[in-house]
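In what follows, a structure is listed as structure tokens, so that the remarks can point back to it.
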Amino acid sequence: MLSGTWSGRVWARSHCHIVKGKFICGTADCASGQVSCNGAGAIPPASLVEFTLSGYKGQDFYDVSLVDGFNLPVSITPLGVQPVVKGRAAEAI
């Protein structure tokens, strides 16, 4: 359980390897030279998954975004909850 609101992004990287001691990726690299991006964002193109937890009125929000381009297919599958679309429970998504 979160004590406050949290927002973040996750992105898919590909063709990653270590060159001269630095971790680099062919797509969506963040130029940190490490596996961890240390707060830096991905270099486009990067398929994004975005989350806001305990946001507006305590609700959770998520989406897949291609605003920074497309490099790999990504998806989100909520578990253990009934999805809501436009204020009503969704029958099928």
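Within each chain, counting starts at residue 1; across the structure tokens, chains are named A, B, ... in the order shown, with ligands numbered 1 upward in that order.
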
Find the spatial neighbours of Gly8 of chain A, counting only C-alpha atoms, within a cut-off of 12 Å - ignore same-chain residues fewer than 6 positions away - and output them as a PDB file with N, CA and C atoms, in the first residue's frame.
```
ATOM      1  N   GLY A  39      17.006   7.950 -13.110  1.00  0.00           N
ATOM      2  CA  GLY A  39      16.126   9.103 -13.303  1.00  0.00           C
ATOM      3  C   GLY A  39      16.072   9.633 -14.717  1.00  0.00           C
ATOM      4  N   ALA A  40      16.972   9.171 -15.575  1.00  0.00           N
ATOM      5  CA  ALA A  40      16.957   9.631 -16.968  1.00  0.00           C
ATOM      6  C   ALA A  40      15.872   8.904 -17.745  1.00  0.00           C
ATOM      7  N   GLY A  41      15.335   9.547 -18.757  1.00  0.00           N
ATOM      8  CA  GLY A  41      14.341   8.923 -19.607  1.00  0.00           C
ATOM      9  C   GLY A  41      14.986   8.206 -20.777  1.00  0.00           C
ATOM     10  N   LEU A  48       6.343   3.143 -24.251  1.00  0.00           N
ATOM     11  CA  LEU A  48       6.239   3.455 -22.821  1.00  0.00           C
ATOM     12  C   LEU A  48       5.020   2.825 -22.173  1.00  0.00           C
ATOM     13  N   VAL A  49       5.165   2.461 -20.903  1.00  0.00           N
ATOM     14  CA  VAL A  49       4.050   2.082 -20.042  1.00  0.00           C
ATOM     15  C   VAL A  49       4.091   3.082 -18.894  1.00  0.00           C
ATOM     16  N   GLU A  50       2.974   3.789 -18.675  1.00  0.00           N
ATOM     17  CA  GLU A  50       2.929   4.851 -17.669  1.00  0.00           C
ATOM     18  C   GLU A  50       1.919   4.506 -16.583  1.00  0.00           C
ATOM     19  N   PHE A  51       2.280   4.796 -15.325  1.00  0.00           N
ATOM     20  CA  PHE A  51       1.425   4.499 -14.180  1.00  0.00           C
ATOM     21  C   PHE A  51       1.302   5.722 -13.280  1.00  0.00           C
ATOM     22  N   THR A  52       0.119   5.926 -12.714  1.00  0.00           N
ATOM     23  CA  THR A  52      -0.087   6.820 -11.579  1.00  0.00           C
ATOM     24  C   THR A  52      -0.878   6.013 -10.565  1.00  0.00           C
ATOM     25  N   LEU A  53      -0.312   5.805  -9.388  1.00  0.00           N
ATOM     26  CA  LEU A  53      -0.947   5.018  -8.337  1.00  0.00           C
ATOM     27  C   LEU A  53      -1.405   5.930  -7.212  1.00  0.00           C
ATOM     28  N   GLY A  55      -3.734   8.170  -7.407  1.00  0.00           N
ATOM     29  CA  GLY A  55      -3.848   9.507  -7.995  1.00  0.00           C
ATOM     30  C   GLY A  55      -5.145  10.191  -7.618  1.00  0.00           C
ATOM     31  N   ASP A  60      -6.094   4.518  -9.427  1.00  0.00           N
ATOM     32  CA  ASP A  60      -4.887   4.169 -10.168  1.00  0.00           C
ATOM     33  C   ASP A  60      -5.165   4.331 -11.661  1.00  0.00           C
ATOM     34  N   PHE A  61      -4.188   4.838 -12.392  1.00  0.00           N
ATOM     35  CA  PHE A  61      -4.309   5.037 -13.827  1.00  0.00           C
ATOM     36  C   PHE A  61      -3.101   4.425 -14.516  1.00  0.00           C
ATOM     37  N   TYR A  62      -3.301   3.903 -15.718  1.00  0.00           N
ATOM     38  CA  TYR A  62      -2.195   3.345 -16.484  1.00  0.00           C
ATOM     39  C   TYR A  62      -2.498   3.476 -17.969  1.00  0.00           C
ATOM     40  N   ASP A  63      -1.453   3.490 -18.774  1.00  0.00           N
ATOM     41  CA  ASP A  63      -1.629   3.524 -20.221  1.00  0.00           C
ATOM     42  C   ASP A  63      -0.359   3.088 -20.915  1.00  0.00           C
TER      43      ASP A  63
END
```

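All residues of segment 14-71 of chain A that DSSP, run on the backbone, classes as strand (DSSP E) are A:His17, A:Ile18, A:Val19, A:Lys22, A:Phe23, A:Ile24, A:Leu48, A:Val49, A:Glu50, A:Phe51, A:Thr52, A:Leu53, A:Phe61, A:Tyr62, A:Asp63, A:Val64, A:Ser65.
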
Put those residues in a file: N, CA and C atoms, as an mmCIF file, in the first residue's frame.
```
data_model
loop_
_atom_site.group_PDB
_atom_site.id
_atom_site.type_symbol
_atom_site.label_atom_id
_atom_site.label_comp_id
_atom_site.auth_asym_id
_atom_site.auth_seq_id
_atom_site.Cartn_x
_atom_site.Cartn_y
_atom_site.Cartn_z
ATOM 1 N N HIS A 17 23.834 -4.654 -24.404
ATOM 2 C CA HIS A 17 25.075 -5.369 -24.127
ATOM 3 C C HIS A 17 26.052 -4.429 -23.422
ATOM 4 N N ILE A 18 27.168 -4.975 -23.019
ATOM 5 C CA ILE A 18 28.193 -4.178 -22.331
ATOM 6 C C ILE A 18 29.356 -3.953 -23.286
ATOM 7 N N VAL A 19 29.731 -2.686 -23.436
ATOM 8 C CA VAL A 19 30.851 -2.296 -24.285
ATOM 9 C C VAL A 19 31.802 -1.449 -23.453
ATOM 10 N N LYS A 22 30.471 -0.365 -20.165
ATOM 11 C CA LYS A 22 29.226 0.417 -20.131
ATOM 12 C C LYS A 22 28.081 -0.381 -20.732
ATOM 13 N N PHE A 23 26.918 -0.331 -20.052
ATOM 14 C CA PHE A 23 25.709 -0.996 -20.512
ATOM 15 C C PHE A 23 25.029 -0.087 -21.526
ATOM 16 N N ILE A 24 24.842 -0.581 -22.748
ATOM 17 C CA ILE A 24 24.182 0.210 -23.791
ATOM 18 C C ILE A 24 23.120 -0.638 -24.485
ATOM 19 N N LEU A 48 6.343 3.143 -24.251
ATOM 20 C CA LEU A 48 6.239 3.455 -22.821
ATOM 21 C C LEU A 48 5.020 2.825 -22.173
ATOM 22 N N VAL A 49 5.165 2.461 -20.903
ATOM 23 C CA VAL A 49 4.050 2.082 -20.042
ATOM 24 C C VAL A 49 4.091 3.082 -18.894
ATOM 25 N N GLU A 50 2.974 3.789 -18.675
ATOM 26 C CA GLU A 50 2.929 4.851 -17.669
ATOM 27 C C GLU A 50 1.919 4.506 -16.583
ATOM 28 N N PHE A 51 2.280 4.796 -15.325
ATOM 29 C CA PHE A 51 1.425 4.499 -14.180
ATOM 30 C C PHE A 51 1.302 5.722 -13.280
ATOM 31 N N THR A 52 0.119 5.926 -12.714
ATOM 32 C CA THR A 52 -0.087 6.820 -11.579
ATOM 33 C C THR A 52 -0.878 6.013 -10.565
ATOM 34 N N LEU A 53 -0.312 5.805 -9.388
ATOM 35 C CA LEU A 53 -0.947 5.018 -8.337
ATOM 36 C C LEU A 53 -1.405 5.930 -7.212
ATOM 37 N N PHE A 61 -4.188 4.838 -12.392
ATOM 38 C CA PHE A 61 -4.309 5.037 -13.827
ATOM 39 C C PHE A 61 -3.101 4.425 -14.516
ATOM 40 N N TYR A 62 -3.301 3.903 -15.718
ATOM 41 C CA TYR A 62 -2.195 3.345 -16.484
ATOM 42 C C TYR A 62 -2.498 3.476 -17.969
ATOM 43 N N ASP A 63 -1.453 3.490 -18.774
ATOM 44 C CA ASP A 63 -1.629 3.524 -20.221
ATOM 45 C C ASP A 63 -0.359 3.088 -20.915
ATOM 46 N N VAL A 64 -0.512 2.692 -22.162
ATOM 47 C CA VAL A 64 0.610 2.433 -23.063
ATOM 48 C C VAL A 64 0.687 3.646 -23.975
ATOM 49 N N SER A 65 1.878 4.205 -24.106
ATOM 50 C CA SER A 65 2.046 5.420 -24.892
ATOM 51 C C SER A 65 3.126 5.234 -25.958
#
```

Item to complete: Please provide the set of residues having any atom within 9 Å of Val67 of chain A, restricted to only C-alpha atoms, with same-chain residues fewer than 5 positions apart removed, written as a list in words.
Response: Pro45, Ala46, Ser47 and Leu48 of chain A

Discussion item. Need the shell around segment 30-32 of chain A: protein/DNA/RNA residues with any atom at most 6 Å away, counting only C-alpha atoms. Skip same-chain ones fewer than 3 positions apart. Format as a PyMOL selection string?
Written reply: chain A and resi 37+41-43

Discussion item. So, with only C-alpha atoms as the atoms that count, which of A:Asn38, A:Ser54, A:Asn71, A:Gln59 lies closest to His15 of chain A?
Written reply: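 Smallest separation from His15 of chain A among the options: A:Asn71.
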
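From atom CA of Gln34 of chain A back to atom CA of Gly4 of chain A, the distance works out to 28.8 Å.
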
Fill in: Distance criterion (only C-alpha atoms): nearest to Trp11 of chain A out of A:Gly33, A:Gly58, A:Gly80, A:Pro44
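Answer, going by the shortest atom-to-atom distance: A:Pro44.
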
Response to the item:
Taken to one decimal, the atom CA of Arg13 of chain A-atom CA of Val81 of chain A distance is 28.8 Å
